[in-house]
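Student: The file below is model.csv, CSV, C-alpha atoms:
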```csv
chain,number,residue,atom,x,y,z
N,1,MET,CA,0.0,0.0,0.0
N,2,TRP,CA,2.8,2.4,0.8
N,3,VAL,CA,4.2,2.1,-2.7
N,4,SER,CA,0.8,3.2,-4.1
N,5,LEU,CA,0.7,6.2,-1.8
N,6,ALA,CA,4.4,7.1,-2.5
N,7,LEU,CA,3.7,7.1,-6.3
N,8,LEU,CA,0.5,9.1,-5.9
N,9,LEU,CA,2.3,11.7,-3.7
N,10,LEU,CA,5.3,11.8,-6.2
N,11,GLY,CA,2.9,12.4,-9.1
N,12,ALA,CA,1.1,15.2,-7.2
N,13,LEU,CA,4.4,16.8,-6.2
N,14,ALA,CA,5.7,16.7,-9.7
N,15,ALA,CA,2.4,18.1,-11.1
N,16,VAL,CA,2.7,21.1,-8.8
N,17,VAL,CA,6.5,21.7,-8.7
N,18,ALA,CA,7.5,21.1,-12.3
N,19,PRO,CA,5.5,24.0,-13.8
N,20,ARG,CA,7.0,26.4,-11.3
N,21,LEU,CA,10.5,25.3,-12.1
N,22,MET,CA,10.0,25.5,-15.8
N,23,ALA,CA,8.4,29.0,-15.4
N,24,ARG,CA,11.6,30.2,-13.6
N,25,ALA,CA,13.9,28.8,-16.2
N,26,GLU,CA,15.2,31.2,-18.9
N,27,TRP,CA,16.6,28.7,-21.3
N,28,PRO,CA,13.3,27.3,-22.8
N,29,GLU,CA,12.9,30.4,-25.0
N,30,ARG,CA,16.5,29.8,-26.3
N,31,GLU,CA,16.0,26.1,-26.9
N,32,PRO,CA,12.3,25.5,-27.6
N,33,VAL,CA,12.9,22.0,-29.0
N,34,VAL,CA,14.7,20.9,-25.9
N,35,ALA,CA,11.9,22.5,-23.8
N,36,LEU,CA,9.3,20.5,-25.7
N,37,TRP,CA,11.2,17.3,-24.9
N,38,VAL,CA,11.5,18.3,-21.2
N,39,TRP,CA,7.7,19.0,-20.9
N,40,GLN,CA,6.8,15.7,-22.6
N,41,CYS,CA,9.1,13.8,-20.2
N,42,VAL,CA,7.6,15.5,-17.2
N,43,VAL,CA,4.0,14.8,-18.2
N,44,VAL,CA,4.9,11.2,-19.0
N,45,ALA,CA,6.4,10.9,-15.5
N,46,VAL,CA,3.3,12.3,-13.9
N,47,LEU,CA,1.1,9.9,-15.9
N,48,LEU,CA,3.4,7.0,-15.0
N,49,CYS,CA,3.1,7.8,-11.3
N,50,PHE,CA,-0.7,7.7,-11.4
N,51,GLY,CA,-0.8,4.7,-13.6
N,52,LEU,CA,1.6,2.7,-11.4
N,53,SER,CA,-0.2,3.8,-8.3
N,54,MET,CA,-3.5,2.5,-9.8
N,55,THR,CA,-1.9,-0.8,-10.6
N,56,PHE,CA,-0.5,-1.4,-7.1
N,57,SER,CA,-3.7,-0.2,-5.5
N,58,ALA,CA,-5.7,-2.7,-7.6
N,59,ALA,CA,-3.2,-5.4,-6.7
N,60,VAL,CA,-3.8,-4.8,-3.0
N,61,ALA,CA,-7.6,-4.7,-3.4
N,62,TRP,CA,-8.2,-7.6,-5.7
N,63,GLN,CA,-6.5,-11.0,-5.7
N,64,ALA,CA,-7.2,-11.5,-9.4
N,65,VAL,CA,-5.2,-8.4,-10.3
N,66,ARG,CA,-2.5,-9.3,-7.8
N,67,GLY,CA,-2.1,-12.7,-9.6
N,68,HIS,CA,-1.5,-11.1,-12.9
N,69,VAL,CA,0.8,-8.3,-11.7
N,70,PHE,CA,3.0,-10.6,-9.5
N,71,ALA,CA,2.5,-13.9,-11.3
N,72,PRO,CA,6.2,-14.5,-12.2
N,73,ALA,CA,7.6,-12.9,-9.0
N,74,PRO,CA,9.1,-14.9,-6.1
N,75,HIS,CA,7.3,-15.1,-2.8
N,76,ALA,CA,9.8,-12.8,-1.1
N,77,VAL,CA,9.1,-10.0,-3.7
N,78,VAL,CA,5.4,-10.3,-3.1
N,79,GLU,CA,5.9,-10.1,0.7
N,80,ALA,CA,8.1,-7.0,0.3
N,81,TYR,CA,5.2,-5.0,-1.1
N,82,ALA,CA,3.0,-5.7,1.9
N,83,LEU,CA,-0.1,-6.3,-0.1
N,84,ALA,CA,-2.2,-7.6,2.7
N,85,GLY,CA,-4.7,-5.3,4.3
N,86,HIS,CA,-5.9,-1.8,3.3
N,87,GLY,CA,-8.3,-3.5,0.8
N,88,PRO,CA,-11.2,-1.0,0.8
N,89,TRP,CA,-9.0,2.1,0.6
N,90,SER,CA,-6.9,0.6,-2.1
N,91,ALA,CA,-10.0,-0.3,-4.1
N,92,VAL,CA,-11.3,3.3,-3.9
N,93,MET,CA,-7.9,4.6,-5.0
N,94,ALA,CA,-7.7,2.2,-7.9
N,95,VAL,CA,-11.2,3.0,-9.1
N,96,VAL,CA,-10.6,6.7,-8.9
N,97,LEU,CA,-7.4,6.5,-10.8
N,98,ALA,CA,-8.9,4.2,-13.3
N,99,LEU,CA,-11.7,6.6,-13.9
N,100,GLY,CA,-9.1,9.3,-14.4
N,101,GLY,CA,-7.5,7.2,-17.1
N,102,VAL,CA,-10.7,6.6,-18.8
N,103,TRP,CA,-11.6,10.3,-18.7
N,104,THR,CA,-8.2,11.2,-20.2
N,105,ALA,CA,-8.8,8.7,-23.0
N,106,ALA,CA,-12.3,10.2,-23.6
N,107,MET,CA,-10.9,13.7,-23.7
N,108,LEU,CA,-8.2,12.7,-26.1
N,109,ALA,CA,-10.7,11.0,-28.4
N,110,ARG,CA,-12.9,14.1,-28.2
N,111,VAL,CA,-10.1,16.5,-29.1
N,112,ILE,CA,-8.9,14.3,-32.0
N,113,HIS,CA,-12.5,14.0,-33.3
N,114,ARG,CA,-13.0,17.7,-33.2
N,115,ALA,CA,-9.7,18.3,-34.9
N,116,GLN,CA,-10.7,15.9,-37.6
N,117,LEU,CA,-14.1,17.6,-38.1
N,118,ARG,CA,-12.3,21.0,-38.4
N,119,ARG,CA,-9.9,19.5,-40.9
N,120,ARG,CA,-12.7,18.1,-43.0
N,121,GLN,CA,-14.6,21.4,-42.8
N,122,ARG,CA,-11.6,23.4,-43.9
N,123,ARG,CA,-10.9,20.9,-46.8
N,124,ALA,CA,-14.5,21.2,-47.9
N,125,GLU,CA,-14.1,25.0,-47.8
N,126,LEU,CA,-10.9,24.7,-49.9
N,127,LEU,CA,-12.8,22.7,-52.6
N,128,VAL,CA,-15.4,25.5,-52.7
N,129,ARG,CA,-12.9,28.4,-52.8
N,130,ALA,CA,-10.3,26.6,-54.8
N,131,PRO,CA,-12.0,23.9,-57.0
N,132,LEU,CA,-10.1,21.3,-58.8
N,133,MET,CA,-9.2,22.0,-62.4
N,134,PRO,CA,-10.2,19.5,-65.2
N,135,GLY,CA,-7.8,16.6,-65.0
N,136,GLU,CA,-6.4,17.6,-61.5
N,137,GLU,CA,-6.4,14.9,-58.9
N,138,PRO,CA,-7.3,15.6,-55.2
N,139,GLY,CA,-4.2,16.1,-53.1
N,140,SER,CA,-1.9,16.4,-56.1
N,141,GLY,CA,-0.6,19.9,-55.0
N,142,ARG,CA,0.8,20.7,-51.6
N,143,LEU,CA,0.3,24.5,-52.1
N,144,VAL,CA,-3.1,26.1,-52.4
N,145,VAL,CA,-3.6,29.8,-53.1
N,146,LEU,CA,-6.9,31.3,-52.0
N,147,GLU,CA,-8.4,34.6,-53.1
N,148,GLY,CA,-8.6,36.7,-49.9
N,149,GLU,CA,-8.1,40.3,-48.6
N,150,ARG,CA,-6.6,39.1,-45.3
N,151,PRO,CA,-3.0,38.0,-45.4
N,152,ASP,CA,-2.8,34.5,-43.9
N,153,ALA,CA,-1.0,31.2,-44.3
N,154,TRP,CA,-1.6,27.9,-42.5
N,155,TRP,CA,-0.7,24.3,-42.8
N,156,LEU,CA,-3.6,21.8,-43.2
N,157,PRO,CA,-2.4,18.4,-41.8
N,158,GLY,CA,-3.8,15.0,-42.8
N,159,ALA,CA,-3.2,12.2,-45.2
N,160,ALA,CA,-2.6,14.8,-48.0
N,161,PRO,CA,-1.1,17.8,-46.2
N,162,ARG,CA,-1.6,21.2,-47.9
N,163,LEU,CA,-0.1,24.6,-47.3
N,164,VAL,CA,-2.8,27.3,-47.8
N,165,ILE,CA,-1.9,30.9,-48.5
N,166,THR,CA,-4.0,33.8,-49.4
N,167,THR,CA,-3.4,36.2,-52.3
N,168,ALA,CA,-3.2,39.1,-49.8
N,169,ALA,CA,-0.3,37.3,-48.2
N,170,LEU,CA,1.4,36.8,-51.5
N,171,GLY,CA,1.1,40.5,-52.1
N,172,ARG,CA,2.5,41.4,-48.7
N,173,LEU,CA,5.5,38.9,-48.6
N,174,LYS,CA,8.6,40.0,-50.4
N,175,GLY,CA,11.5,38.1,-51.7
N,176,ARG,CA,12.4,35.2,-49.4
N,177,GLN,CA,9.8,36.0,-46.9
N,178,LEU,CA,7.3,33.7,-48.6
N,179,ASP,CA,9.9,30.9,-48.5
N,180,ALA,CA,10.4,31.6,-44.8
N,181,VAL,CA,6.7,31.3,-44.1
N,182,LEU,CA,6.5,28.0,-46.0
N,183,ALA,CA,9.5,26.7,-44.0
N,184,HIS,CA,7.8,27.7,-40.8
N,185,GLU,CA,4.6,25.8,-41.6
N,186,GLN,CA,6.6,22.8,-42.9
N,187,GLY,CA,8.4,22.8,-39.6
N,188,HIS,CA,5.1,22.3,-37.8
N,189,ALA,CA,4.2,19.5,-40.1
N,190,GLN,CA,7.5,17.6,-40.0
N,191,ALA,CA,7.6,17.7,-36.1
N,192,ARG,CA,3.9,16.6,-35.9
N,193,HIS,CA,3.1,19.5,-33.6
N,194,ASP,CA,-0.6,18.9,-34.1
N,195,TRP,CA,-0.3,15.7,-32.0
N,196,LEU,CA,1.4,17.6,-29.2
N,197,LEU,CA,-1.3,20.2,-29.3
N,198,ASN,CA,-4.0,17.6,-29.3
N,199,CYS,CA,-2.5,15.7,-26.3
N,200,SER,CA,-1.9,18.8,-24.3
N,201,GLU,CA,-5.4,20.1,-25.0
N,202,ALA,CA,-7.0,16.7,-23.9
N,203,LEU,CA,-5.1,16.7,-20.6
N,204,ALA,CA,-5.8,20.3,-19.8
N,205,SER,CA,-9.5,20.0,-20.7
N,206,GLY,CA,-9.9,16.8,-18.7
N,207,PHE,CA,-8.1,18.1,-15.6
N,208,PRO,CA,-8.1,21.9,-15.7
N,209,GLN,CA,-7.2,22.2,-12.0
N,210,VAL,CA,-3.9,20.2,-12.4
N,211,PRO,CA,-1.1,22.8,-12.8
N,212,VAL,CA,1.2,20.6,-14.9
N,213,PHE,CA,-1.5,19.9,-17.5
N,214,ALA,CA,-2.6,23.5,-17.8
N,215,ALA,CA,1.0,24.7,-18.1
N,216,PHE,CA,1.7,21.9,-20.6
N,217,ARG,CA,-1.0,23.2,-22.9
N,218,ASN,CA,0.0,26.8,-22.7
N,219,GLU,CA,3.7,26.0,-23.2
N,220,MET,CA,3.0,23.7,-26.1
N,221,HIS,CA,1.2,26.5,-28.0
N,222,ARG,CA,4.1,28.9,-27.4
N,223,LEU,CA,7.0,26.5,-27.9
N,224,VAL,CA,5.8,24.9,-31.1
N,225,GLU,CA,5.7,28.4,-32.7
N,226,LEU,CA,9.2,29.2,-31.4
N,227,ALA,CA,10.5,25.9,-32.7
N,228,ALA,CA,9.0,26.5,-36.2
N,229,ASP,CA,10.4,30.1,-36.2
N,230,ASP,CA,13.8,28.6,-35.6
N,231,VAL,CA,13.4,26.1,-38.4
N,232,ALA,CA,12.6,29.0,-40.8
N,233,SER,CA,15.3,31.3,-39.4
N,234,ARG,CA,18.0,28.7,-39.8
N,235,ARG,CA,17.2,28.4,-43.6
N,236,PHE,CA,16.4,32.0,-44.4
N,237,GLY,CA,17.6,34.2,-41.6
N,238,ARG,CA,16.0,35.7,-38.5
N,239,LEU,CA,15.3,39.0,-40.1
N,240,THR,CA,13.4,37.4,-43.0
N,241,ILE,CA,11.0,35.4,-40.8
N,242,ALA,CA,10.5,38.4,-38.4
N,243,LEU,CA,9.5,40.7,-41.3
N,244,ALA,CA,7.2,38.0,-42.7
N,245,LEU,CA,5.5,37.7,-39.3
N,246,VAL,CA,5.0,41.5,-39.2
N,247,GLU,CA,3.7,41.6,-42.7
N,248,LEU,CA,1.1,38.9,-42.0
N,249,ASN,CA,-0.1,40.3,-38.7
N,250,GLU,CA,0.3,44.0,-38.6
N,251,ASP,CA,-3.3,44.7,-39.7
N,252,ARG,CA,-4.7,42.6,-36.8
N,253,GLY,CA,-3.7,45.0,-34.1
N,254,VAL,CA,-1.2,42.6,-32.7
N,255,PHE,CA,1.6,45.1,-32.4
N,256,GLY,CA,-0.6,47.8,-30.8
N,257,PRO,CA,-0.9,48.8,-27.1
N,258,CYS,CA,-4.0,46.7,-26.5
N,259,PRO,CA,-3.5,42.9,-25.9
N,260,THR,CA,-5.0,40.5,-28.5
N,261,ALA,CA,-5.4,36.8,-28.9
N,262,ASP,CA,-2.0,36.8,-30.7
N,263,ALA,CA,-0.3,38.8,-27.9
N,264,GLU,CA,2.8,36.5,-28.1
N,265,LEU,CA,3.6,37.6,-31.7
N,266,PRO,CA,5.5,40.7,-30.7
N,267,GLN,CA,7.6,38.6,-28.3
N,268,ARG,CA,8.4,36.2,-31.1
N,269,VAL,CA,9.5,39.0,-33.4
N,270,ASN,CA,11.6,40.6,-30.6
N,271,ARG,CA,13.2,37.1,-30.0
N,272,LEU,CA,14.1,36.8,-33.7
N,273,LEU,CA,15.5,40.3,-33.9
N,274,ALA,CA,17.4,40.2,-30.7
N,275,PRO,CA,18.4,36.5,-30.1
N,276,ALA,CA,19.8,35.6,-26.7
N,277,GLY,CA,22.0,32.9,-28.2
N,278,ARG,CA,21.7,29.1,-28.1
N,279,LEU,CA,22.9,27.0,-25.3
N,280,THR,CA,26.1,25.0,-25.8
N,281,ALA,CA,25.8,21.6,-27.3
N,282,GLY,CA,27.0,20.0,-24.1
N,283,ARG,CA,24.3,21.7,-22.0
N,284,ARG,CA,21.6,20.8,-24.5
N,285,LEU,CA,22.8,17.2,-24.3
N,286,ARG,CA,22.8,17.3,-20.5
N,287,LEU,CA,19.2,18.7,-20.4
N,288,THR,CA,18.0,16.1,-22.9
N,289,ALA,CA,19.5,13.3,-21.0
N,290,ALA,CA,18.3,14.6,-17.6
N,291,ALA,CA,14.8,14.9,-19.0
N,292,ALA,CA,14.9,11.4,-20.3
N,293,LEU,CA,15.6,10.1,-16.8
N,294,VAL,CA,12.6,11.8,-15.3
N,295,PRO,CA,10.1,9.1,-16.3
N,296,VAL,CA,12.5,6.5,-14.9
N,297,VAL,CA,12.0,7.9,-11.3
N,298,PRO,CA,8.5,6.5,-10.8
N,299,VAL,CA,9.6,3.1,-12.3
N,300,LEU,CA,12.4,3.0,-9.8
N,301,VAL,CA,10.1,3.8,-6.9
N,302,ALA,CA,7.8,1.0,-8.0
N,303,PHE,CA,10.6,-1.6,-8.2
N,304,ILE,CA,12.6,-0.6,-5.2
N,305,PRO,CA,10.8,-3.0,-2.8
N,306,GLY,CA,11.1,-6.0,-5.2
N,307,LEU,CA,14.8,-5.3,-5.9
N,308,SER,CA,15.5,-5.0,-2.2
N,309,ALA,CA,13.9,-8.3,-1.6
N,310,LEU,CA,16.1,-10.0,-4.2
N,311,LYS,CA,19.3,-9.0,-2.5
```
Will you turn the file into structure tokens for me?

Tutor:
Amino acid sequence: MWVSLALLLLGALAAVVAPRLMARAEWPEREPVVALWVWQCVVVAVLLCFGLSMTFSAAVAWQAVRGHVFAPAPHAVVEAYALAGHGPWSAVMAVVLALGGVWTAAMLARVIHRAQLRRRQRRAELLVRAPLMPGEEPGSGRLVVLEGERPDAWWLPGAAPRLVITTAALGRLKGRQLDAVLAHEQGHAQARHDWLLNCSEALASGFPQVPVFAAFRNEMHRLVELAADDVASRRFGRLTIALALVELNEDRGVFGPCPTADAELPQRVNRLLAPAGRLTAGRRLRLTAAAALVPVVPVLVAFIPGLSALK
């Protein structure tokens, strides 16, 4: 029983402390790809804590589950976990955590379903606004130009991904700015940022009061844009993508004194124009390796009693 409680407390502690530590760090803006990896490892560790806690609680509460979990284990290992007693409390904990897992899966399914509906709707709108020419096959072109007075560009993921850009954007973007915007959107597609956004949205929607999940969603939206900016800037220069962002968004009031829904755009432009400098390769490697070890912690907590019994 104590292993279940320890894992539950560890998960709760990580869910509260991790967002505060990441908010104080200054390096994520300099290394958004590494920050994305760190956030994923932290969330996986929290989910592992709750999942393992559910498993051990169920093993304490029900003999059938215990038989499956500890079937190949020696008797000394089973005794080390002190599974006898605490049956009612363990059953309640296991059921609550299991319901949390089911709710998470339901939220993820809902988010993916809504994303698919939006994608189908936008593809249907594309067929209306940009119909296929005689002899043209669906999905044969990756670039779609739409007639529109508002400068905009976006990537439409799916089996046949398309990059959509309006004629107003083509008129605004000069020289290599268009190529930089294309590289930015392709950076989203190649890194499958849509999956990260879907998962973070599902966790935050299902458990809005859990700090780590709310921060995970907010940071994913910010970091994926910074990562895509870096992809474009490495190919076409920071000034080019910064000017392209200004050209696409200056008519929306983003750069005015009043905050808007795209209030982070000025920060992205400032970051491109006045870069802080990347971390050294050694420090990036250390951060990546340290983050990869975070999900190992709950696994070690779960196996410590059994490993101790085998000595």

Student: For Lys174 of chain N, please output as a VMD selection string all residues within 10 Å (counting all atoms listed in the file; exclusion window: fewer than 4 positions along the same chain).

Tutor: chain N and resid 169 to 170 178 to 179 240 243 to 244 247

Student: So that I can see what lies close to Ala82 of chain N, please list as a list in words the residues with an atom at most 10 Å from it, counting all atoms listed in the file and leaving out residues fewer than 6 positions away in the same chain.

Tutor: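 Near neighbours after the sequence-gap exclusion: Met1, Trp2, Val3, Val60 and Pro305 of chain N.
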
Student: Set the distance at 12 Å and use all atoms listed in the file: which residues neighbour Val212 of chain N once local chain neighbours fewer than 4 positions away are removed? I'd like the list as a ChimeraX atom specification.

Tutor: /N:11-23,39-47,200,203-204,207-208,216-220

Student: Mind writing the picked residues with C-alpha atoms as a PDB file, keeping the file's coordinate frame?

Tutor:
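Generated output (result-v5.pdb):
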```pdb
ATOM      1  CA  GLY N  11       2.900  12.400  -9.100  1.00  0.00           C
ATOM      2  CA  ALA N  12       1.100  15.200  -7.200  1.00  0.00           C
ATOM      3  CA  LEU N  13       4.400  16.800  -6.200  1.00  0.00           C
ATOM      4  CA  ALA N  14       5.700  16.700  -9.700  1.00  0.00           C
ATOM      5  CA  ALA N  15       2.400  18.100 -11.100  1.00  0.00           C
ATOM      6  CA  VAL N  16       2.700  21.100  -8.800  1.00  0.00           C
ATOM      7  CA  VAL N  17       6.500  21.700  -8.700  1.00  0.00           C
ATOM      8  CA  ALA N  18       7.500  21.100 -12.300  1.00  0.00           C
ATOM      9  CA  PRO N  19       5.500  24.000 -13.800  1.00  0.00           C
ATOM     10  CA  ARG N  20       7.000  26.400 -11.300  1.00  0.00           C
ATOM     11  CA  LEU N  21      10.500  25.300 -12.100  1.00  0.00           C
ATOM     12  CA  MET N  22      10.000  25.500 -15.800  1.00  0.00           C
ATOM     13  CA  ALA N  23       8.400  29.000 -15.400  1.00  0.00           C
ATOM     14  CA  TRP N  39       7.700  19.000 -20.900  1.00  0.00           C
ATOM     15  CA  GLN N  40       6.800  15.700 -22.600  1.00  0.00           C
ATOM     16  CA  CYS N  41       9.100  13.800 -20.200  1.00  0.00           C
ATOM     17  CA  VAL N  42       7.600  15.500 -17.200  1.00  0.00           C
ATOM     18  CA  VAL N  43       4.000  14.800 -18.200  1.00  0.00           C
ATOM     19  CA  VAL N  44       4.900  11.200 -19.000  1.00  0.00           C
ATOM     20  CA  ALA N  45       6.400  10.900 -15.500  1.00  0.00           C
ATOM     21  CA  VAL N  46       3.300  12.300 -13.900  1.00  0.00           C
ATOM     22  CA  LEU N  47       1.100   9.900 -15.900  1.00  0.00           C
ATOM     23  CA  SER N 200      -1.900  18.800 -24.300  1.00  0.00           C
ATOM     24  CA  LEU N 203      -5.100  16.700 -20.600  1.00  0.00           C
ATOM     25  CA  ALA N 204      -5.800  20.300 -19.800  1.00  0.00           C
ATOM     26  CA  PHE N 207      -8.100  18.100 -15.600  1.00  0.00           C
ATOM     27  CA  PRO N 208      -8.100  21.900 -15.700  1.00  0.00           C
ATOM     28  CA  PHE N 216       1.700  21.900 -20.600  1.00  0.00           C
ATOM     29  CA  ARG N 217      -1.000  23.200 -22.900  1.00  0.00           C
ATOM     30  CA  ASN N 218       0.000  26.800 -22.700  1.00  0.00           C
ATOM     31  CA  GLU N 219       3.700  26.000 -23.200  1.00  0.00           C
ATOM     32  CA  MET N 220       3.000  23.700 -26.100  1.00  0.00           C
TER      33      MET N 220
END
```

Student: Using all atoms listed in the file for the distances, tell me which of N:Ile165, N:Ala289, N:Val269, N:Val224 is nearest to Ile241 of chain N.

Tutor: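 Distance minimum relative to Ile241 of chain N lands on N:Val269.
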
Student: In Å, rounded to a single decimal, give me how far atom CA of Asp194 of chain N is from atom CA of Leu126 of chain N.

Tutor: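 Taking atom CA of Leu126 of chain N and atom CA of Asp194 of chain N, their separation equals 19.7 Å.
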
Student: Report, in Å to a single decimal, how far apart atom CA of His184 of chain N and atom CA of Phe213 of chain N are.

Tutor: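 For atom CA of Phe213 of chain N relative to atom CA of His184 of chain N, the distance reads 26.3 Å.
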
Student: Using all atoms listed in the file, find the one residue out of N:Leu143, N:Val33, N:Leu7, N:Ala105 that sits nearest to Met54 of chain N.

Tutor: N:Leu7

Student: Please determine, counting only C-alpha atoms, which residue among N:Leu197, N:Leu307, N:Val128, N:Pro32 has the shortest atom-to-atom distance to Asp230 of chain N.

Tutor: N:Pro32

Student: If I take atom CA of Ala98 of chain N and atom CA of Leu10 of chain N, how far is one from the other in Å, to one decimal?

Tutor: 17.6 Å

Student: For Leu5 of chain N, which residue among N:Val301, N:Ala292, N:Leu173, N:Leu239 is the nearest when counting only C-alpha atoms?

Tutor: N:Val301

Student: Using only C-alpha atoms, which of N:Pro88, N:Gly206, N:Pro157, N:Gly237 sits nearest Gly101 of chain N?

Tutor: N:Gly206

Student: Which is closer to Arg271 of chain N than all the others in N:Thr104, N:Ser233, N:Asn249, N:Ser4, using all atoms listed in the file?

Tutor: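 Using all atoms listed in the file, Arg271 of chain N sits closest to N:Ser233.
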
Student: Neighbours of Pro275 of chain N within 10 Å (only C-alpha atoms; same-chain residues fewer than 3 positions away dropped), as number ranges by chain?

Tutor: N: 29-30, 238, 269-272, 278

Student: Could you write out the selected residues, including C-alpha atoms, as a compact mmCIF listing (two decimals), in the frame of the given file?

Tutor:
```
# COMPACT_ATOMS: atom_id res chain seq x y z
CA GLU N 29 12.90 30.40 -25.00
CA ARG N 30 16.50 29.80 -26.30
CA ARG N 238 16.00 35.70 -38.50
CA VAL N 269 9.50 39.00 -33.40
CA ASN N 270 11.60 40.60 -30.60
CA ARG N 271 13.20 37.10 -30.00
CA LEU N 272 14.10 36.80 -33.70
CA ARG N 278 21.70 29.10 -28.10
```
